[in-house]
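Quick look at entry.txt (compact mmCIF, C-alpha atoms):
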```txt
# COMPACT_ATOMS: atom_id res chain seq x y z
CA MET L 1 -7.94 -10.60 8.84
CA THR L 2 -6.78 -11.08 12.41
CA ASP L 3 -10.39 -11.35 13.55
CA TYR L 4 -11.20 -13.99 10.93
CA ILE L 5 -8.25 -16.26 11.71
CA ALA L 6 -8.59 -15.76 15.48
CA SER L 7 -12.23 -16.81 15.20
CA HIS L 8 -10.94 -20.21 14.02
CA SER L 9 -8.67 -20.52 17.06
CA LYS L 10 -9.49 -21.60 20.61
CA SER L 11 -9.62 -17.99 21.78
CA GLY L 12 -12.37 -17.14 19.27
CA HIS L 13 -13.20 -13.53 18.43
CA GLN L 14 -10.87 -11.37 20.54
CA PHE L 15 -12.23 -7.96 19.55
CA ILE L 16 -15.07 -6.48 17.51
CA PRO L 17 -14.08 -5.00 14.15
CA ARG L 18 -16.33 -2.14 12.98
CA MET L 19 -16.19 -0.72 9.48
CA PHE L 20 -16.28 3.03 8.81
CA GLN L 21 -16.23 4.86 5.47
CA GLY L 22 -13.88 7.71 6.40
CA PHE L 23 -11.15 8.71 8.83
CA PRO L 24 -13.01 11.71 10.35
CA GLU L 25 -15.76 9.34 11.53
CA ILE L 26 -13.16 7.07 13.16
CA LYS L 27 -11.68 10.09 14.90
CA GLU L 28 -15.08 11.05 16.32
CA ALA L 29 -15.82 7.47 17.41
CA LEU L 30 -12.50 7.26 19.25
CA MET L 31 -12.97 10.59 20.95
CA SER L 32 -16.45 9.62 22.15
CA ASN L 33 -15.24 6.17 23.32
CA LYS L 34 -17.58 4.36 20.89
CA MET L 35 -14.37 2.79 19.60
CA GLN L 36 -11.49 1.90 21.88
CA ALA L 37 -9.00 1.35 19.04
CA GLY L 38 -8.87 2.02 15.34
CA PHE L 39 -6.83 2.24 12.19
CA MET L 40 -6.21 5.72 10.86
CA VAL L 41 -3.68 7.61 8.78
CA ALA L 42 -0.55 8.40 10.78
CA PRO L 43 -0.63 12.22 10.49
CA MET L 44 -4.20 12.30 11.78
CA ALA L 45 -3.19 10.27 14.84
CA ILE L 46 -0.23 12.59 15.49
CA ALA L 47 -2.37 15.72 15.03
CA LEU L 48 -5.03 14.38 17.41
CA ARG L 49 -2.41 13.62 20.03
CA ALA L 50 -0.90 17.10 19.56
CA GLN L 51 -4.37 18.54 20.18
CA GLY L 52 -4.56 16.64 23.46
CA VAL L 53 -6.77 13.71 22.43
CA PRO L 54 -5.76 10.80 24.73
CA ILE L 55 -4.70 8.20 22.16
CA LYS L 56 -1.39 6.54 21.26
CA ILE L 57 -0.07 4.81 18.16
CA VAL L 58 0.86 1.25 19.14
CA TYR L 59 1.50 -0.50 15.81
CA LEU L 60 1.38 -0.08 12.02
CA GLY L 61 -1.41 -1.44 9.83
CA HIS L 62 0.79 -2.11 6.81
CA ARG L 63 3.61 -0.65 4.75
CA TYR L 64 3.41 0.89 1.26
CA GLY L 65 0.09 0.32 -0.49
CA SER L 66 -0.59 3.91 -1.58
CA ALA L 67 -0.35 5.27 -5.10
CA VAL L 68 -1.19 8.26 -7.25
CA VAL L 69 -3.60 7.23 -10.00
CA VAL L 70 -4.55 9.12 -13.16
CA ALA L 71 -6.93 8.43 -16.06
CA LYS L 72 -5.57 5.57 -18.14
CA ASN L 73 -5.94 7.28 -21.51
CA GLY L 74 -5.67 10.83 -20.22
CA PRO L 75 -2.98 13.43 -20.91
CA ILE L 76 -1.08 12.99 -17.62
CA ARG L 77 2.08 10.97 -18.25
CA THR L 78 4.53 12.51 -15.77
CA PHE L 79 4.23 14.20 -12.41
CA GLY L 80 4.86 17.55 -14.09
CA ASP L 81 1.68 17.04 -16.15
CA LEU L 82 -0.32 17.39 -12.91
CA ARG L 83 0.34 21.15 -12.96
CA GLY L 84 -3.00 22.95 -12.71
CA ARG L 85 -4.87 19.67 -12.08
CA THR L 86 -7.12 18.49 -9.25
CA ILE L 87 -5.90 15.63 -7.02
CA ALA L 88 -8.10 13.93 -4.42
CA ILE L 89 -6.60 12.95 -1.07
CA PRO L 90 -8.28 11.12 1.84
CA SER L 91 -7.61 13.88 4.37
CA ARG L 92 -5.33 16.88 4.91
CA TYR L 93 -3.96 14.78 7.77
CA SER L 94 -2.84 11.87 5.59
CA ASP L 95 0.42 10.44 4.28
CA GLU L 96 -1.24 10.41 0.87
CA ARG L 97 -1.16 14.22 1.02
CA LEU L 98 2.42 14.31 2.28
CA ILE L 99 3.59 12.10 -0.59
CA ILE L 100 2.23 14.72 -3.01
CA PHE L 101 4.33 17.37 -1.25
CA LYS L 102 7.41 15.15 -1.50
CA ALA L 103 6.82 14.63 -5.21
CA LEU L 104 6.16 18.35 -5.74
CA ALA L 105 9.49 19.23 -4.11
CA GLN L 106 11.42 16.66 -6.11
CA ASN L 107 9.88 17.93 -9.34
CA GLY L 108 10.60 21.60 -8.64
CA MET L 109 6.94 22.43 -8.07
CA SER L 110 4.96 23.84 -5.14
CA ALA L 111 1.49 23.35 -3.64
CA ARG L 112 0.30 26.33 -5.68
CA ASP L 113 0.79 24.32 -8.86
CA ILE L 114 -1.98 21.82 -8.10
CA ARG L 115 -5.36 21.73 -6.37
CA MET L 116 -5.91 19.15 -3.63
CA VAL L 117 -9.42 18.16 -2.54
CA GLU L 118 -10.39 15.91 0.35
CA MET L 119 -12.59 12.97 -0.60
CA ALA L 120 -13.74 9.80 1.19
CA PRO L 121 -11.64 6.88 -0.10
CA PRO L 122 -14.59 4.86 -1.49
CA ASP L 123 -15.57 7.82 -3.72
CA VAL L 124 -12.30 8.51 -5.54
CA ALA L 125 -12.37 5.83 -8.25
CA GLY L 126 -15.85 6.90 -9.34
CA ALA L 127 -14.80 10.56 -9.32
CA LEU L 128 -11.81 9.78 -11.54
CA ALA L 129 -13.97 7.75 -13.93
CA ALA L 130 -16.47 10.62 -14.13
CA GLY L 131 -13.72 13.17 -14.79
CA ALA L 132 -14.53 15.11 -11.59
CA ILE L 133 -10.87 14.85 -10.56
CA ASP L 134 -7.69 14.41 -12.58
CA ALA L 135 -5.89 12.12 -10.13
CA PHE L 136 -6.12 10.67 -6.67
CA SER L 137 -3.56 9.77 -4.02
CA MET L 138 -4.99 6.90 -2.02
CA GLY L 139 -4.33 3.60 -0.29
CA GLU L 140 -5.28 0.23 -1.75
CA PRO L 141 -7.63 -1.16 -2.93
CA TYR L 142 -8.72 2.08 -4.64
CA PRO L 143 -5.75 2.27 -7.03
CA ALA L 144 -6.46 -1.39 -7.83
CA GLN L 145 -10.14 -0.59 -8.37
CA ALA L 146 -9.31 2.04 -11.01
CA GLU L 147 -6.78 -0.27 -12.69
CA MET L 148 -9.05 -3.29 -12.65
CA ALA L 149 -12.00 -1.37 -14.08
CA GLY L 150 -9.75 -0.21 -16.91
CA PHE L 151 -9.99 3.56 -16.47
CA GLY L 152 -7.06 4.20 -14.12
CA ARG L 153 -3.29 3.97 -14.32
CA VAL L 154 -0.79 4.18 -11.49
CA LEU L 155 1.35 7.26 -12.13
CA PHE L 156 3.67 6.37 -9.25
CA ASN L 157 3.69 4.31 -6.09
CA ALA L 158 4.38 6.04 -2.78
CA ARG L 159 7.65 4.16 -2.24
CA GLN L 160 9.07 5.80 -5.38
CA TYR L 161 9.34 9.07 -3.47
CA TRP L 162 9.28 7.70 0.10
CA PRO L 163 11.20 4.41 0.51
CA ASP L 164 9.96 3.60 4.05
CA TYR L 165 6.44 4.79 3.46
CA ILE L 166 3.77 4.03 6.04
CA SER L 167 0.15 5.05 6.02
CA CYS L 168 -2.35 3.42 8.40
CA VAL L 169 -1.47 2.96 12.05
CA LEU L 170 -3.26 1.32 14.95
CA VAL L 171 -4.23 3.79 17.65
CA VAL L 172 -5.64 2.93 21.07
CA ARG L 173 -7.28 5.15 23.67
CA GLN L 174 -5.00 5.96 26.60
CA ASP L 175 -7.52 4.73 29.18
CA VAL L 176 -7.51 1.30 27.53
CA ILE L 177 -3.70 1.27 27.45
CA ASP L 178 -3.61 2.16 31.15
CA GLN L 179 -6.35 -0.13 32.40
CA ARG L 180 -6.31 -3.06 29.95
CA PRO L 181 -2.80 -3.38 28.53
CA GLU L 182 -3.24 -7.16 28.17
CA ALA L 183 -6.18 -6.62 25.75
CA VAL L 184 -4.05 -4.22 23.68
CA GLN L 185 -1.22 -6.76 23.61
CA VAL L 186 -3.58 -9.48 22.35
CA LEU L 187 -4.69 -7.18 19.55
CA VAL L 188 -1.13 -6.23 18.56
CA ASP L 189 0.05 -9.85 18.80
CA GLY L 190 -2.79 -10.91 16.49
CA ILE L 191 -1.89 -8.25 13.90
CA ALA L 192 1.81 -9.21 14.11
CA ARG L 193 0.92 -12.88 13.54
CA SER L 194 -1.32 -11.93 10.60
CA GLY L 195 1.49 -9.90 9.03
CA LEU L 196 3.93 -12.79 9.33
CA TRP L 197 1.29 -15.16 7.93
CA LEU L 198 0.60 -12.94 4.91
CA ASP L 199 4.25 -12.27 4.12
CA ASN L 200 5.65 -15.79 4.50
CA PRO L 201 7.55 -15.99 1.17
CA PRO L 202 6.75 -19.55 0.01
CA ARG L 203 3.06 -19.30 0.91
CA ARG L 204 2.55 -15.62 0.19
CA GLN L 205 0.59 -15.95 -3.06
CA VAL L 206 -1.90 -18.57 -1.91
CA ARG L 207 -2.45 -16.96 1.48
CA ARG L 208 -3.00 -13.50 0.01
CA ILE L 209 -5.57 -14.88 -2.41
CA HIS L 210 -7.34 -16.57 0.50
CA ALA L 211 -7.16 -13.42 2.65
CA ALA L 212 -8.56 -11.33 -0.23
CA ASP L 213 -11.48 -13.71 -0.40
CA PHE L 214 -12.54 -13.69 3.24
CA VAL L 215 -11.67 -10.05 3.94
CA GLY L 216 -13.49 -8.90 0.79
CA ARG L 217 -16.56 -11.01 1.52
CA TYR L 218 -16.97 -10.70 5.28
CA TYR L 219 -15.27 -7.44 6.28
CA TYR L 220 -14.82 -4.95 3.43
CA ARG L 221 -18.03 -6.03 1.60
CA GLN L 222 -16.12 -5.67 -1.66
CA ASP L 223 -15.65 -7.95 -4.64
CA PRO L 224 -12.80 -10.27 -3.51
CA ARG L 225 -11.23 -9.92 -6.98
CA LEU L 226 -10.46 -6.30 -6.10
CA LEU L 227 -8.46 -7.16 -2.98
CA ARG L 228 -6.82 -10.07 -4.81
CA TRP L 229 -5.55 -7.55 -7.37
CA ALA L 230 -4.34 -5.18 -4.64
CA LEU L 231 -2.57 -7.92 -2.69
CA THR L 232 -0.95 -9.81 -5.55
CA LYS L 233 -0.20 -7.47 -8.48
CA PRO L 234 2.66 -7.45 -7.56
CA LEU L 235 3.03 -9.28 -4.24
CA ASP L 236 5.00 -6.44 -2.67
CA ARG L 237 2.39 -3.82 -3.56
CA VAL L 238 1.40 -3.86 0.13
CA LEU L 239 3.64 -5.35 2.82
CA TYR L 240 2.69 -6.42 6.33
CA GLN L 241 6.04 -6.32 8.05
CA PRO L 242 7.95 -4.79 9.70
CA LEU L 243 5.04 -3.21 11.59
CA SER L 244 6.82 -1.90 14.68
CA PRO L 245 6.65 1.91 14.77
CA ALA L 246 10.14 3.24 14.06
CA ARG L 247 11.20 6.62 15.40
CA LYS L 248 12.83 7.80 12.15
CA ASP L 249 9.69 7.09 10.09
CA PHE L 250 7.50 9.09 12.43
CA GLU L 251 9.95 11.95 12.84
CA LEU L 252 9.92 12.32 9.06
CA ILE L 253 6.11 12.46 9.09
CA VAL L 254 6.14 15.09 11.86
CA SER L 255 8.70 17.13 9.94
CA LEU L 256 6.57 16.99 6.76
CA MET L 257 3.44 17.87 8.72
CA ARG L 258 5.19 20.89 10.21
CA SER L 259 6.53 22.10 6.85
CA THR L 260 3.14 21.69 5.14
CA GLY L 261 1.17 23.51 7.81
CA VAL L 262 -0.89 20.77 9.48
CA LEU L 263 0.99 20.60 12.77
CA ASP L 264 1.60 23.79 14.71
CA ARG L 265 4.03 22.55 17.35
CA PRO L 266 6.88 20.06 17.61
CA ILE L 267 5.88 16.80 19.28
CA ALA L 268 8.15 14.14 20.74
CA PHE L 269 7.93 10.53 19.50
CA GLU L 270 7.15 9.28 23.03
CA GLU L 271 4.19 11.62 23.25
CA TYR L 272 2.26 9.93 20.44
CA VAL L 273 3.75 6.40 20.22
CA ASP L 274 3.79 3.63 22.82
CA THR L 275 6.28 1.01 21.66
CA ARG L 276 5.83 -1.51 24.49
CA PHE L 277 3.18 -3.54 22.63
CA ALA L 278 5.29 -3.78 19.47
CA GLU L 279 8.19 -4.89 21.69
CA GLY L 280 5.92 -7.49 23.27
CA ALA L 281 4.92 -8.82 19.84
CA LYS L 282 8.50 -9.17 18.56
CA HIS L 283 8.71 -12.88 19.23
CA GLU L 284 5.31 -13.78 17.86
CA THR L 285 5.15 -16.39 15.11
CA GLU L 286 2.75 -16.56 12.18
CA TRP L 287 -0.71 -18.07 12.57
CA ARG L 288 -0.78 -21.81 12.07
CA TYR L 289 -3.59 -21.75 9.60
CA GLU L 290 -3.86 -22.60 5.92
CA PRO L 291 -6.67 -21.90 3.45
CA GLY L 292 -9.41 -24.46 4.04
CA ASP L 293 -8.36 -25.31 7.61
CA ALA L 294 -11.22 -25.50 10.10
CA THR L 295 -9.03 -24.45 13.01
CA ALA L 296 -6.17 -22.04 13.63
CA GLN L 297 -3.51 -21.78 16.30
CA MET T 1 -56.34 -4.64 13.60
CA LEU T 2 -54.83 -8.11 14.03
CA GLY T 3 -53.21 -7.80 10.61
CA ALA T 4 -51.65 -4.45 11.53
CA ILE T 5 -50.26 -5.83 14.81
CA SER T 6 -48.89 -8.92 13.06
CA TRP T 7 -47.24 -6.71 10.45
CA LEU T 8 -45.74 -4.50 13.16
CA VAL T 9 -44.37 -7.51 15.06
CA PHE T 10 -42.98 -9.00 11.85
CA ILE T 11 -41.30 -5.78 10.75
CA THR T 12 -39.87 -5.13 14.23
CA GLY T 13 -38.57 -8.71 14.47
CA ALA T 14 -37.03 -8.54 11.00
CA HIS T 15 -35.38 -5.21 11.82
CA MET T 16 -33.94 -6.53 15.08
CA LEU T 17 -32.68 -9.64 13.34
CA LEU T 18 -31.18 -7.97 10.27
CA ASN T 19 -30.16 -4.49 11.35
CA VAL T 20 -29.12 -4.79 14.99
CA ASP T 21 -25.62 -6.03 15.75
CA TRP T 22 -26.30 -7.99 18.91
CA ASN T 23 -22.62 -8.75 19.49
CA VAL T 24 -21.90 -5.04 19.76
CA LEU T 25 -24.98 -4.27 21.81
CA LEU T 26 -24.34 -7.01 24.37
CA ASN T 27 -20.60 -6.31 24.49
CA ASP T 28 -21.20 -2.63 25.25
CA ARG T 29 -23.27 -3.63 28.30
CA LEU T 30 -20.45 -5.66 29.85
CA PRO T 31 -18.19 -4.15 32.56
CA PHE T 32 -15.18 -2.33 31.03
CA ALA T 33 -12.75 -5.02 32.23
CA LYS T 34 -14.63 -7.78 30.42
CA ARG T 35 -15.58 -5.92 27.26
CA LYS T 36 -14.01 -6.80 23.91
CA LEU T 37 -12.34 -3.82 22.27
CA ASN T 38 -14.25 -2.18 19.42
CA VAL T 39 -11.72 -1.68 16.64
CA ALA T 40 -12.54 0.76 13.85
CA PHE T 41 -11.26 0.28 10.33
CA ILE T 42 -12.01 1.56 6.85
CA PRO T 43 -11.89 -0.72 3.79
CA VAL T 44 -8.33 0.24 2.90
CA THR T 45 -5.42 -2.21 3.10
```

Step by step, read the file and then write its structure as structure tokens.
Amino acid sequence: MTDYIASHSKSGHQFIPRMFQGFPEIKEALMSNKMQAGFMVAPMAIALRAQGVPIKIVYLGHRYGSAVVVAKNGPIRTFGDLRGRTIAIPSRYSDERLIIFKALAQNGMSARDIRMVEMAPPDVAGALAAGAIDAFSMGEPYPAQAEMAGFGRVLFNARQYWPDYISCVLVVRQDVIDQRPEAVQVLVDGIARSGLWLDNPPRRQVRRIHAADFVGRYYYRQDPRLLRWALTKPLDRVLYQPLSPARKDFELIVSLMRSTGVLDRPIAFEEYVDTRFAEGAKHETEWRYEPGDATAQ
Amino acid sequence: MLGAISWLVFITGAHMLLNVDWNVLLNDRLPFAKRKLNVAFIPVT
């Protein structure tokens, strides 16, 4: 979204967005310097940093926007009904997995009561429709896809068990942070301005519909109706502020990663997060751009 | 022979036009200080 609006401004395209189909591929591209920055699930970024990969989290991609979805007319009505069932998650290093652990604990269950399988996000809705899995825990627009197609039902949204839930974060290679901090700041500023633009209360509905249209068409290569559903039903299904990385949110993620066996050592917030770019973006204002405008500022 | 060469030129041209991202290719050849950042994303909000 930031790329599209920026392309209408005097500065033009400020970076090159590249679409991937899974988080492991993004990880490889970052490690090999094919990508200098990328969006990935927060636990994966933390685990990579803990393993010594030179990257830092500099900003969030969004807040909320993940849900557990089951077959619409299937037998699963409560979380307890998932006992003995198969749930797809995007990665063992994902918040979508951690939310399952939170729900298990709150429902007096353990990981032994369910079976989790890793699956690329674009595949989960089809797998649920085909009956290959009983549920999936995934970010939008895949819950929306299952709802819209009529075969899926949201069992619960992530925020139900995790009020300050975050999923995707923006990570940047350390060499880029060290040598081109101004380029990182431009990127973070653009995302901050996009978040403010999308979440401006009086204009939220019309802007989200417009964003769904151009992001679906030109970036995600998806039917824009799908993103429109994800961004507007209801409007707070996904939020785009506040996007500054908060210590307490990440310490909770680290604690859950440690207790669920995907992080083998404690790691300090400063080791995997660089907050200076979020600080630098604090005074940014929303894009001056409305649907149909030829230019943006 | 001429037909085969024409076909080869046409197919190569079409491939370079449709399948090669010239923005990325040219950007990657710039010095690091002038290069635009490649930002990876997956189609998830």

Contacts of chain L with chain T up to 9 Å, shortest pair per row, only C-alpha atoms, as a tab-separated table:
```
residue	atom	partner	partner_atom	distance
L:His13	CA	T:Lys36	CA	8.7
L:Gln14	CA	T:Lys36	CA	6.5
L:Phe15	CA	T:Lys36	CA	4.9
L:Ile16	CA	T:Asn38	CA	4.8
L:Pro17	CA	T:Val39	CA	4.8
L:Arg18	CA	T:Ala40	CA	4.9
L:Met19	CA	T:Phe41	CA	5.1
L:Phe20	CA	T:Ile42	CA	4.9
L:Gln21	CA	T:Ile42	CA	5.5
L:Gly22	CA	T:Ile42	CA	6.4
L:Phe23	CA	T:Ile42	CA	7.5
L:Ile26	CA	T:Ala40	CA	6.4
L:Ala29	CA	T:Ala40	CA	8.3
L:Leu30	CA	T:Ala40	CA	8.5
L:Lys34	CA	T:Asn38	CA	7.5
L:Met35	CA	T:Asn38	CA	5.0
L:Gln36	CA	T:Asn38	CA	5.5
L:Ala37	CA	T:Val39	CA	4.7
L:Gly38	CA	T:Ala40	CA	4.2
L:Phe39	CA	T:Phe41	CA	5.2
L:Met40	CA	T:Phe41	CA	7.4
L:Gly61	CA	T:Thr45	CA	7.9
L:His62	CA	T:Thr45	CA	7.2
L:Gly65	CA	T:Thr45	CA	7.0
L:Pro121	CA	T:Val44	CA	8.0
L:Pro122	CA	T:Pro43	CA	8.1
L:Met138	CA	T:Val44	CA	8.9
L:Gly139	CA	T:Val44	CA	6.1
L:Glu140	CA	T:Thr45	CA	5.4
L:Pro141	CA	T:Val44	CA	6.0
L:Tyr142	CA	T:Val44	CA	7.8
L:Cys168	CA	T:Thr45	CA	8.3
L:Val172	CA	T:Val39	CA	8.8
L:Val176	CA	T:Leu37	CA	8.8
L:Gln179	CA	T:Ala33	CA	8.1
L:Arg180	CA	T:Ala33	CA	7.1
L:Ala183	CA	T:Leu37	CA	7.6
L:Val184	CA	T:Leu37	CA	8.4
L:Leu187	CA	T:Leu37	CA	8.8
L:Gly216	CA	T:Pro43	CA	8.9
L:Tyr219	CA	T:Pro43	CA	7.9
L:Tyr220	CA	T:Pro43	CA	5.2
L:Arg221	CA	T:Pro43	CA	8.4
L:Gln222	CA	T:Pro43	CA	8.5
L:Leu227	CA	T:Thr45	CA	8.4
L:Ala230	CA	T:Thr45	CA	8.4
L:Leu231	CA	T:Thr45	CA	8.6
L:Val238	CA	T:Thr45	CA	7.6
```

- Message: Rounded to one decimal, what separation in Å do you get between atom CA of L:Leu252 and atom CA of L:Tyr59?
- Response: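 Computing the Euclidean distance for atom CA of L:Leu252 and atom CA of L:Tyr59 yields 16.8 Å.
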
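Going from atom CA of L:Ala125 over to atom CA of L:Tyr64, you cover 19.1 Å.
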
- Query: Do you know which residues are at most 10 Å from stretch 242-248 of chain L counting only C-alpha atoms, after dropping those on the same chain fewer than 5 positions away, and could you put them as number ranges by chain?
  - Reply: L: 57-63, 164, 166, 169-170, 188, 191-192, 195-196, 253-254, 268-270, 273-279, 281-282

- Note on the structure: Counting all atoms listed in the file, closest pick from L:His8, L:Arg207, L:Arg237, L:Arg83 relative to L:Asn157 is L:Arg237

- Nearest to L:Ser7: which of L:Gly190, L:Asp223, L:Glu118, L:Glu147 is it, counting only C-alpha atoms? L:Gly190

- atom CA of L:Pro266 and atom CA of L:Pro24 are how many Å apart?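 These atoms are spaced 22.8 Å apart.
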
Find the spatial neighbours of L:Gln174, counting all atoms listed in the file, within a cut-off of 7 Å - ignore same-chain residues fewer than 3 positions away - and output them as a PDB file with C-alpha atoms, in the coordinates of the input.
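Printed below is result-v7.pdb as written:
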```pdb
ATOM      1  CA  PRO L  54      -5.760  10.800  24.730  1.00  0.00           C
ATOM      2  CA  ILE L  55      -4.700   8.200  22.160  1.00  0.00           C
ATOM      3  CA  LYS L  56      -1.390   6.540  21.260  1.00  0.00           C
ATOM      4  CA  ILE L 177      -3.700   1.270  27.450  1.00  0.00           C
ATOM      5  CA  ASP L 178      -3.610   2.160  31.150  1.00  0.00           C
TER       6      ASP L 178
END
```

- Using all atoms listed in the file: which of L:Leu198, L:Ala45, L:Ala50, L:Met116 has the shortest distance to L:Leu82: L:Met116

Taking N, CA and C atoms as the atom set, what does stretch 10-23 of chain T look like once completed, written as a PDB file, in the coordinates of the input?
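As written to disk, rebuild36.pdb reads:
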```pdb
ATOM      1  N   PHE T  10     -43.860  -8.418  12.868  1.00  0.00           N
ATOM      2  CA  PHE T  10     -42.980  -9.000  11.850  1.00  0.00           C
ATOM      3  C   PHE T  10     -41.869  -8.027  11.452  1.00  0.00           C
ATOM      4  N   ILE T  11     -42.276  -6.783  11.188  1.00  0.00           N
ATOM      5  CA  ILE T  11     -41.300  -5.780  10.750  1.00  0.00           C
ATOM      6  C   ILE T  11     -40.279  -5.501  11.865  1.00  0.00           C
ATOM      7  N   THR T  12     -40.777  -5.390  13.108  1.00  0.00           N
ATOM      8  CA  THR T  12     -39.870  -5.130  14.230  1.00  0.00           C
ATOM      9  C   THR T  12     -38.899  -6.296  14.406  1.00  0.00           C
ATOM     10  N   GLY T  13     -39.422  -7.514  14.332  1.00  0.00           N
ATOM     11  CA  GLY T  13     -38.570  -8.710  14.470  1.00  0.00           C
ATOM     12  C   GLY T  13     -37.524  -8.772  13.370  1.00  0.00           C
ATOM     13  N   ALA T  14     -37.962  -8.499  12.135  1.00  0.00           N
ATOM     14  CA  ALA T  14     -37.030  -8.540  11.000  1.00  0.00           C
ATOM     15  C   ALA T  14     -35.939  -7.481  11.162  1.00  0.00           C
ATOM     16  N   HIS T  15     -36.341  -6.290  11.609  1.00  0.00           N
ATOM     17  CA  HIS T  15     -35.380  -5.210  11.820  1.00  0.00           C
ATOM     18  C   HIS T  15     -34.353  -5.605  12.900  1.00  0.00           C
ATOM     19  N   MET T  16     -34.854  -6.162  13.993  1.00  0.00           N
ATOM     20  CA  MET T  16     -33.940  -6.530  15.080  1.00  0.00           C
ATOM     21  C   MET T  16     -33.020  -7.673  14.677  1.00  0.00           C
ATOM     22  N   LEU T  17     -33.497  -8.513  13.804  1.00  0.00           N
ATOM     23  CA  LEU T  17     -32.680  -9.640  13.340  1.00  0.00           C
ATOM     24  C   LEU T  17     -31.632  -9.188  12.313  1.00  0.00           C
ATOM     25  N   LEU T  18     -32.060  -8.322  11.392  1.00  0.00           N
ATOM     26  CA  LEU T  18     -31.180  -7.970  10.270  1.00  0.00           C
ATOM     27  C   LEU T  18     -30.325  -6.727  10.502  1.00  0.00           C
ATOM     28  N   ASN T  19     -30.846  -5.778  11.257  1.00  0.00           N
ATOM     29  CA  ASN T  19     -30.160  -4.490  11.350  1.00  0.00           C
ATOM     30  C   ASN T  19     -29.474  -4.213  12.682  1.00  0.00           C
ATOM     31  N   VAL T  20     -29.729  -5.041  13.684  1.00  0.00           N
ATOM     32  CA  VAL T  20     -29.120  -4.790  14.990  1.00  0.00           C
ATOM     33  C   VAL T  20     -27.946  -5.748  15.165  1.00  0.00           C
ATOM     34  N   ASP T  21     -26.787  -5.193  15.495  1.00  0.00           N
ATOM     35  CA  ASP T  21     -25.620  -6.030  15.750  1.00  0.00           C
ATOM     36  C   ASP T  21     -25.626  -6.399  17.241  1.00  0.00           C
ATOM     37  N   TRP T  22     -26.128  -7.582  17.514  1.00  0.00           N
ATOM     38  CA  TRP T  22     -26.300  -7.990  18.910  1.00  0.00           C
ATOM     39  C   TRP T  22     -24.972  -8.176  19.619  1.00  0.00           C
ATOM     40  N   ASN T  23     -23.955  -8.600  18.880  1.00  0.00           N
ATOM     41  CA  ASN T  23     -22.620  -8.750  19.490  1.00  0.00           C
ATOM     42  C   ASN T  23     -22.162  -7.429  20.101  1.00  0.00           C
TER      43      ASN T  23
END
```
